[in-house]
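Structure data (mmCIF, C-alpha atoms) from data00.cif:
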data_work
#
loop_
_atom_site.group_PDB
_atom_site.id
_atom_site.type_symbol
_atom_site.label_atom_id
_atom_site.label_comp_id
_atom_site.auth_asym_id
_atom_site.auth_seq_id
_atom_site.Cartn_x
_atom_site.Cartn_y
_atom_site.Cartn_z
ATOM 1 C CA MET K 110 -4.183 34.736 -13.171
ATOM 2 C CA PHE K 111 -6.562 32.719 -11.056
ATOM 3 C CA GLN K 112 -9.415 35.112 -11.802
ATOM 4 C CA ALA K 113 -8.644 34.850 -15.502
ATOM 5 C CA GLN K 114 -8.816 31.079 -15.301
ATOM 6 C CA HIS K 115 -11.971 31.272 -13.297
ATOM 7 C CA ASN K 116 -13.694 33.552 -15.736
ATOM 8 C CA ALA K 117 -12.531 31.580 -18.725
ATOM 9 C CA SER K 118 -15.034 28.891 -18.031
ATOM 10 C CA LYS K 119 -18.361 29.689 -16.457
ATOM 11 C CA ASP K 120 -19.149 26.075 -15.860
ATOM 12 C CA ARG K 121 -15.740 25.379 -14.343
ATOM 13 C CA TRP K 122 -17.119 24.604 -10.909
ATOM 14 C CA GLN K 123 -20.081 22.724 -12.288
ATOM 15 C CA VAL K 124 -17.730 20.428 -14.174
ATOM 16 C CA TRP K 125 -15.525 20.091 -11.115
ATOM 17 C CA SER K 126 -18.510 19.306 -8.920
ATOM 18 C CA PHE K 127 -19.729 16.671 -11.309
ATOM 19 C CA CYS K 128 -16.298 15.040 -11.457
ATOM 20 C CA ALA K 129 -15.809 15.245 -7.704
ATOM 21 C CA VAL K 130 -19.162 13.647 -6.973
ATOM 22 C CA ALA K 131 -18.600 10.926 -9.549
ATOM 23 C CA LEU K 132 -15.099 10.250 -8.243
ATOM 24 C CA LEU K 133 -16.072 10.240 -4.590
ATOM 25 C CA THR K 134 -18.994 7.962 -5.314
ATOM 26 C CA HIS K 135 -16.620 5.614 -7.067
ATOM 27 C CA LEU K 136 -14.012 5.764 -4.310
ATOM 28 C CA GLU K 137 -16.523 5.085 -1.574
ATOM 29 C CA GLN K 138 -17.432 1.852 -3.240
ATOM 30 C CA THR K 139 -14.672 -0.697 -3.156
ATOM 31 C CA PRO K 140 -14.753 -2.566 -6.461
ATOM 32 C CA ALA K 141 -16.194 -6.020 -5.903
ATOM 33 C CA VAL K 142 -13.274 -7.513 -7.741
ATOM 34 C CA ILE K 143 -10.723 -6.291 -5.203
ATOM 35 C CA GLU K 144 -11.415 -9.129 -2.780
ATOM 36 C CA ASP K 145 -10.931 -11.645 -5.596
ATOM 37 C CA LEU K 146 -7.688 -9.966 -6.597
ATOM 38 C CA LYS K 147 -6.488 -9.957 -2.980
ATOM 39 C CA ALA K 148 -7.174 -13.658 -2.681
ATOM 40 C CA LYS K 149 -5.265 -14.345 -5.901
ATOM 41 C CA ALA K 150 -2.376 -12.137 -4.822
ATOM 42 C CA LYS K 151 -2.139 -13.931 -1.469
ATOM 43 C CA LYS K 152 -2.149 -17.289 -3.186
ATOM 44 C CA LEU K 153 0.661 -16.175 -5.492
ATOM 45 C CA GLY K 154 2.751 -14.853 -2.622
ATOM 46 C CA LEU K 155 2.265 -11.258 -3.791
ATOM 47 C CA TRP K 156 1.345 -10.043 -0.351
ATOM 48 C CA ASN K 157 2.851 -7.470 2.010
ATOM 49 C CA LEU K 158 5.899 -7.174 -0.179
ATOM 50 C CA TYR K 159 6.830 -3.825 1.340
ATOM 51 C CA LEU K 160 7.989 -5.153 4.697
ATOM 52 C CA PRO K 161 11.782 -5.544 4.655
ATOM 53 C CA LYS K 162 13.264 -8.830 5.654
ATOM 54 C CA ASN K 163 14.706 -7.491 8.879
ATOM 55 C CA TYR K 164 11.192 -7.375 10.349
ATOM 56 C CA LYS K 165 10.146 -10.517 12.100
ATOM 57 C CA GLU K 166 6.615 -9.885 10.822
ATOM 58 C CA SER K 167 7.873 -10.152 7.263
ATOM 59 C CA PRO K 168 6.078 -12.714 5.064
ATOM 60 C CA GLY K 169 7.471 -16.150 5.629
ATOM 61 C CA LEU K 170 8.770 -15.376 9.100
ATOM 62 C CA CYS K 171 5.524 -14.791 10.898
ATOM 63 C CA ASP K 172 3.191 -17.352 12.411
ATOM 64 C CA TRP K 173 0.165 -15.269 11.484
ATOM 65 C CA TRP K 174 0.172 -16.492 7.943
ATOM 66 C CA GLY K 175 -1.268 -19.943 8.532
ATOM 67 C CA ASP K 176 -1.877 -21.826 5.305
ATOM 68 C CA PHE K 177 -0.521 -18.912 3.331
ATOM 69 C CA ARG K 178 2.874 -19.519 4.878
ATOM 70 C CA THR K 179 3.058 -22.974 3.325
ATOM 71 C CA ASN K 180 2.887 -21.453 -0.129
ATOM 72 C CA THR K 181 6.302 -22.133 -1.630
ATOM 73 C CA THR K 182 6.315 -18.838 -3.513
ATOM 74 C CA VAL K 183 6.331 -16.810 -0.297
ATOM 75 C CA LEU K 184 9.572 -14.941 0.131
ATOM 76 C CA VAL K 185 11.324 -14.062 3.336
ATOM 77 C CA GLY K 186 10.992 -10.336 2.821
ATOM 78 C CA LEU K 187 12.543 -8.156 0.175
ATOM 79 C CA THR K 188 15.240 -5.550 0.395
ATOM 80 C CA ASN K 189 14.169 -1.964 -0.210
ATOM 81 C CA LEU K 190 15.882 -2.094 -3.589
ATOM 82 C CA GLU K 191 14.027 -5.244 -4.564
ATOM 83 C CA TYR K 192 10.749 -3.801 -3.378
ATOM 84 C CA ALA K 193 11.372 -0.672 -5.443
ATOM 85 C CA HIS K 194 10.964 -2.742 -8.587
ATOM 86 C CA MET K 195 7.745 -4.265 -7.298
ATOM 87 C CA ALA K 196 6.399 -0.865 -6.279
ATOM 88 C CA GLU K 197 7.198 0.606 -9.677
ATOM 89 C CA LEU K 198 5.306 -2.204 -11.357
ATOM 90 C CA MET K 199 2.301 -1.974 -9.053
ATOM 91 C CA GLY K 200 2.196 1.761 -9.565
ATOM 92 C CA LYS K 201 1.468 1.278 -13.234
ATOM 93 C CA TYR K 202 -1.727 -0.660 -12.624
ATOM 94 C CA PRO K 203 -4.739 0.681 -10.715
ATOM 95 C CA LEU K 204 -5.788 -1.658 -7.913
ATOM 96 C CA ALA K 205 -2.479 -3.545 -7.985
ATOM 97 C CA SER K 206 -1.097 -2.003 -4.795
ATOM 98 C CA GLU K 207 -4.303 -2.579 -2.884
ATOM 99 C CA ALA K 208 -4.653 -6.087 -4.290
ATOM 100 C CA CYS K 209 -1.185 -6.904 -2.940
ATOM 101 C CA ASN K 210 -1.784 -5.099 0.370
ATOM 102 C CA CYS K 211 0.964 -2.668 -0.523
ATOM 103 C CA SER K 212 -0.958 0.584 -0.720
ATOM 104 C CA ALA K 213 -0.486 3.784 1.208
ATOM 105 C CA PRO K 214 -0.945 4.709 3.921
ATOM 106 C CA ASP K 215 -1.281 1.136 5.139
ATOM 107 C CA THR K 216 2.295 0.164 4.345
ATOM 108 C CA GLY K 217 3.848 2.948 6.389
ATOM 109 C CA ASN K 218 1.419 2.457 9.231
ATOM 110 C CA MET K 219 2.151 -1.260 9.313
ATOM 111 C CA GLU K 220 5.881 -0.581 9.379
ATOM 112 C CA VAL K 221 5.427 1.756 12.330
ATOM 113 C CA LEU K 222 3.295 -0.767 14.174
ATOM 114 C CA ALA K 223 5.730 -3.579 13.391
ATOM 115 C CA LYS K 224 8.690 -1.549 14.593
ATOM 116 C CA TYR K 225 7.259 0.292 17.576
ATOM 117 C CA GLY K 226 3.922 -1.316 18.439
ATOM 118 C CA THR K 227 3.313 -3.224 21.620
ATOM 119 C CA ASP K 228 2.163 -6.811 21.393
ATOM 120 C CA GLU K 229 -1.342 -5.636 22.235
ATOM 121 C CA GLN K 230 -1.297 -2.979 19.483
ATOM 122 C CA LYS K 231 0.066 -5.479 17.007
ATOM 123 C CA ALA K 232 -2.648 -7.970 17.818
ATOM 124 C CA LYS K 233 -5.368 -5.337 17.533
ATOM 125 C CA TRP K 234 -4.198 -3.426 14.464
ATOM 126 C CA LEU K 235 -1.200 -4.958 12.750
ATOM 127 C CA VAL K 236 -2.580 -8.451 12.281
ATOM 128 C CA PRO K 237 -5.832 -7.361 10.572
ATOM 129 C CA LEU K 238 -3.913 -4.810 8.500
ATOM 130 C CA MET K 239 -1.413 -7.397 7.321
ATOM 131 C CA ASN K 240 -4.249 -9.771 6.573
ATOM 132 C CA GLY K 241 -5.919 -7.104 4.450
ATOM 133 C CA ASP K 242 -9.046 -7.180 6.582
ATOM 134 C CA ILE K 243 -8.973 -3.473 7.426
ATOM 135 C CA ARG K 244 -7.514 -0.242 6.036
ATOM 136 C CA SER K 245 -5.860 2.604 7.919
ATOM 137 C CA VAL K 246 -5.384 6.350 7.725
ATOM 138 C CA PHE K 247 -2.613 8.826 8.365
ATOM 139 C CA PHE K 248 -3.540 12.315 9.527
ATOM 140 C CA MET K 249 -0.927 14.914 8.737
ATOM 141 C CA THR K 250 -2.769 18.182 8.234
ATOM 142 C CA GLU K 251 -1.968 20.781 10.867
ATOM 143 C CA PRO K 252 -2.456 24.518 11.249
ATOM 144 C CA ALA K 253 0.382 26.515 9.682
ATOM 145 C CA VAL K 254 2.107 23.414 8.339
ATOM 146 C CA ALA K 255 1.979 22.965 4.614
ATOM 147 C CA SER K 256 2.328 19.936 2.373
ATOM 148 C CA SER K 257 1.799 16.256 2.942
ATOM 149 C CA ASP K 258 5.407 15.701 3.907
ATOM 150 C CA ALA K 259 5.211 13.678 7.095
ATOM 151 C CA THR K 260 8.562 15.055 8.227
ATOM 152 C CA ASN K 261 6.907 18.464 8.570
ATOM 153 C CA ILE K 262 4.600 17.305 11.313
ATOM 154 C CA GLU K 263 4.983 19.411 14.418
ATOM 155 C CA SER K 264 2.644 17.573 16.773
ATOM 156 C CA HIS K 265 4.391 15.744 19.521
ATOM 157 C CA ILE K 266 3.596 13.702 22.556
ATOM 158 C CA ARG K 267 5.188 14.522 25.874
ATOM 159 C CA LYS K 268 4.916 12.298 28.853
ATOM 160 C CA VAL K 269 3.935 14.273 31.914
ATOM 161 C CA SER K 270 4.344 12.675 35.259
ATOM 162 C CA ARG K 271 2.369 13.950 38.210
ATOM 163 C CA GLN K 272 5.436 13.357 40.314
ATOM 164 C CA GLN K 273 7.590 15.828 38.382
ATOM 165 C CA MET X 295 14.326 -5.228 -20.104
ATOM 166 C CA SER X 296 14.082 -7.425 -17.091
ATOM 167 C CA ALA X 297 14.549 -6.024 -13.622
ATOM 168 C CA SER X 298 17.704 -8.051 -13.114
ATOM 169 C CA ALA X 299 19.240 -6.276 -16.062
ATOM 170 C CA LEU X 300 18.929 -3.027 -14.164
ATOM 171 C CA PHE X 301 19.885 -4.232 -10.727
ATOM 172 C CA ASP X 302 21.201 -7.524 -9.527
ATOM 173 C CA LEU X 303 18.053 -8.969 -8.020
ATOM 174 C CA SER X 304 18.219 -12.249 -6.208
ATOM 175 C CA PRO X 305 16.736 -15.165 -8.139
ATOM 176 C CA LYS X 306 13.836 -15.302 -5.690
ATOM 177 C CA ALA X 307 13.091 -11.611 -6.100
ATOM 178 C CA GLN X 308 13.357 -11.906 -9.858
ATOM 179 C CA GLY X 309 10.901 -14.809 -9.765
ATOM 180 C CA LEU X 310 8.494 -12.828 -7.646
ATOM 181 C CA TYR X 311 8.832 -9.849 -9.966
ATOM 182 C CA ASN X 312 7.853 -12.047 -12.896
ATOM 183 C CA VAL X 313 4.835 -13.398 -11.021
ATOM 184 C CA LEU X 314 3.785 -9.866 -10.097
ATOM 185 C CA LYS X 315 4.215 -8.701 -13.664
ATOM 186 C CA GLU X 316 1.939 -11.423 -14.946
ATOM 187 C CA PHE X 317 -0.560 -10.739 -12.186
ATOM 188 C CA CYS X 318 -0.700 -7.065 -13.158
ATOM 189 C CA GLU X 319 -0.598 -7.450 -16.909
ATOM 190 C CA VAL X 320 -3.023 -10.336 -17.143
ATOM 191 C CA GLY X 321 -5.136 -10.419 -13.987
ATOM 192 C CA ILE X 322 -5.674 -6.754 -13.296
ATOM 193 C CA GLN X 323 -5.499 -5.545 -16.859
ATOM 194 C CA ARG X 324 -8.157 -8.056 -17.844
ATOM 195 C CA PHE X 325 -10.451 -6.629 -15.185
ATOM 196 C CA LEU X 326 -9.758 -3.055 -16.193
ATOM 197 C CA GLY X 327 -10.261 -3.824 -19.828
ATOM 198 C CA SER X 328 -13.611 -5.514 -19.317
#
As structure tokens, how would this structure be written, given the file I've shared?
Amino acid sequence: MFQAQHNASKDRWQVWSFCAVALLTHLEQTPAVIEDLKAKAKKLGLWNLYLPKNYKESPGLCDWWGDFRTNTTVLVGLTNLEYAHMAELMGKYPLASEACNCSAPDTGNMEVLAKYGTDEQKAKWLVPLMNGDIRSVFFMTEPAVASSDATNIESHIRKVSRQQ
Amino acid sequence: MSASALFDLSPKAQGLYNVLKEFCEVGIQRFLGS
């Protein structure tokens, strides 16, 4: 089957290569407009909507927000159900999630940092992430473990004491 | 159909949803269409 597909189009890989290069070139360049959109989203209170209201870092509850916090449209966090509607809407428009600082894998990484991070880790990574100043990554590829399902990850950390 | 017609969103969440909708449909779509 694969061989049949492969042979069906001699320029299959040439086309793929062209598309891959064009796409990667595009992806490596953040559209200039994204910073403008982020600024507008912040001003409208459309920022970090993913963080549930039980987090003290949630918009409206955190001191990090400065002038942004005084914006009357800022909510005190959404429920997961409420955020589902926002996520569905953002998913329909390219750039919307990033413009609102609600794109993967940043959202999940910020939740982990907010829930489990030390104050030092939060200051170093969570604050700039929530401000939209940096992006983050999530490595999940491992030998003999398929898919991008994070629950499949087999790596673990074990504390080893020299005194044991 | 508004979001509140599907689920009982709080008034604040419904307001934010409307702001987001306009932001996406007008702000972002204008950029993508240009």
Residue contacts of range 311-325 of chain X (12 Å, only C-alpha atoms) excluding same-chain residues fewer than 3 positions away, as an MDAnalysis selection string: (chainID K and resid 140:143 145:156 158 182:184 187 191:209) or (chainID X and resid 295:298 303:308 328)
Separation of CA of Glu251 in chain K from CA of His265 in chain K in Å: 11.9 Å
Residue among K:Met239, K:Val246, K:Thr188, K:Ile262 lying closest to chain X, counting all atoms listed in the file: K:Thr188
CA of Trp234 in chain K to CA of Phe248 in chain K, distance in Å rounded to a single decimal: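 Between these atoms lies a distance of 16.5 Å.
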With 3 Å added on each side, what axis-aligned box encloses every listed atom of range 228-237 of chain K? Give the centre and edge lengths in Å to one decimal, as JSON.
{"center_x": -1.8, "center_y": -5.7, "center_z": 16.4, "size_x": 14.0, "size_y": 11.5, "size_z": 17.7}
Point-to-point distance from CA of Ser212 in chain K to CA of Val236 in chain K, Å rounded to tenths: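 According to the coordinates, CA of Ser212 in chain K and CA of Val236 in chain K are separated by 15.9 Å.
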Repaired coordinates for range 298-325 of chain X (N, CA and C atoms) as a short mmCIF file (atom, residue, chain, number, x, y, z; two decimals), in the frame of the given file:
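Once everything was written out, this is selection_13.cif:
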data_model
loop_
_atom_site.label_atom_id
_atom_site.label_comp_id
_atom_site.auth_asym_id
_atom_site.auth_seq_id
_atom_site.Cartn_x
_atom_site.Cartn_y
_atom_site.Cartn_z
N SER X 298 16.35 -7.64 -13.48
CA SER X 298 17.70 -8.05 -13.11
C SER X 298 18.74 -7.42 -14.02
N ALA X 299 18.30 -6.95 -15.17
CA ALA X 299 19.24 -6.28 -16.06
C ALA X 299 19.57 -4.88 -15.55
N LEU X 300 18.68 -4.34 -14.73
CA LEU X 300 18.93 -3.03 -14.16
C LEU X 300 19.69 -3.13 -12.85
N PHE X 301 19.23 -4.02 -12.00
CA PHE X 301 19.89 -4.23 -10.73
C PHE X 301 20.02 -5.73 -10.52
N ASP X 302 20.96 -6.11 -9.74
CA ASP X 302 21.20 -7.52 -9.53
C ASP X 302 20.24 -8.06 -8.49
N LEU X 303 19.05 -8.40 -8.92
CA LEU X 303 18.05 -8.97 -8.02
C LEU X 303 18.41 -10.41 -7.72
N SER X 304 18.02 -10.85 -6.54
CA SER X 304 18.22 -12.25 -6.21
C SER X 304 17.29 -13.08 -7.10
N PRO X 305 17.61 -14.33 -7.32
CA PRO X 305 16.74 -15.16 -8.14
C PRO X 305 15.31 -15.23 -7.60
N LYS X 306 15.18 -15.27 -6.28
CA LYS X 306 13.84 -15.30 -5.69
C LYS X 306 13.07 -14.02 -5.98
N ALA X 307 13.74 -12.89 -5.84
CA ALA X 307 13.09 -11.61 -6.10
C ALA X 307 12.74 -11.48 -7.58
N GLN X 308 13.64 -11.95 -8.42
CA GLN X 308 13.36 -11.91 -9.86
C GLN X 308 12.15 -12.77 -10.18
N GLY X 309 12.06 -13.94 -9.54
CA GLY X 309 10.90 -14.81 -9.76
C GLY X 309 9.62 -14.15 -9.31
N LEU X 310 9.68 -13.51 -8.16
CA LEU X 310 8.49 -12.83 -7.65
C LEU X 310 8.11 -11.67 -8.55
N TYR X 311 9.09 -10.96 -9.05
CA TYR X 311 8.83 -9.85 -9.97
C TYR X 311 8.09 -10.35 -11.20
N ASN X 312 8.51 -11.49 -11.71
CA ASN X 312 7.85 -12.05 -12.90
C ASN X 312 6.41 -12.45 -12.60
N VAL X 313 6.20 -13.02 -11.41
CA VAL X 313 4.84 -13.40 -11.02
C VAL X 313 3.97 -12.15 -10.89
N LEU X 314 4.53 -11.12 -10.27
CA LEU X 314 3.78 -9.87 -10.10
C LEU X 314 3.47 -9.24 -11.44
N LYS X 315 4.41 -9.29 -12.33
CA LYS X 315 4.22 -8.70 -13.66
C LYS X 315 3.06 -9.38 -14.38
N GLU X 316 3.02 -10.69 -14.29
CA GLU X 316 1.94 -11.42 -14.95
C GLU X 316 0.61 -11.13 -14.26
N PHE X 317 0.66 -11.04 -12.94
CA PHE X 317 -0.56 -10.74 -12.19
C PHE X 317 -1.13 -9.39 -12.62
N CYS X 318 -0.26 -8.40 -12.77
CA CYS X 318 -0.70 -7.06 -13.16
C CYS X 318 -1.15 -7.03 -14.61
N GLU X 319 -0.33 -7.57 -15.48
CA GLU X 319 -0.60 -7.45 -16.91
C GLU X 319 -1.78 -8.31 -17.34
N VAL X 320 -1.94 -9.43 -16.73
CA VAL X 320 -3.02 -10.34 -17.14
C VAL X 320 -4.23 -10.19 -16.22
N GLY X 321 -4.02 -10.41 -14.93
CA GLY X 321 -5.14 -10.42 -13.99
C GLY X 321 -5.84 -9.09 -13.86
N ILE X 322 -5.08 -8.07 -13.53
CA ILE X 322 -5.67 -6.75 -13.30
C ILE X 322 -6.06 -6.08 -14.60
N GLN X 323 -5.21 -6.19 -15.59
CA GLN X 323 -5.50 -5.54 -16.86
C GLN X 323 -6.74 -6.13 -17.51
N ARG X 324 -6.95 -7.41 -17.29
CA ARG X 324 -8.16 -8.06 -17.84
C ARG X 324 -9.40 -7.46 -17.20
N PHE X 325 -9.32 -7.23 -15.88
CA PHE X 325 -10.45 -6.63 -15.18
C PHE X 325 -10.69 -5.21 -15.67
#
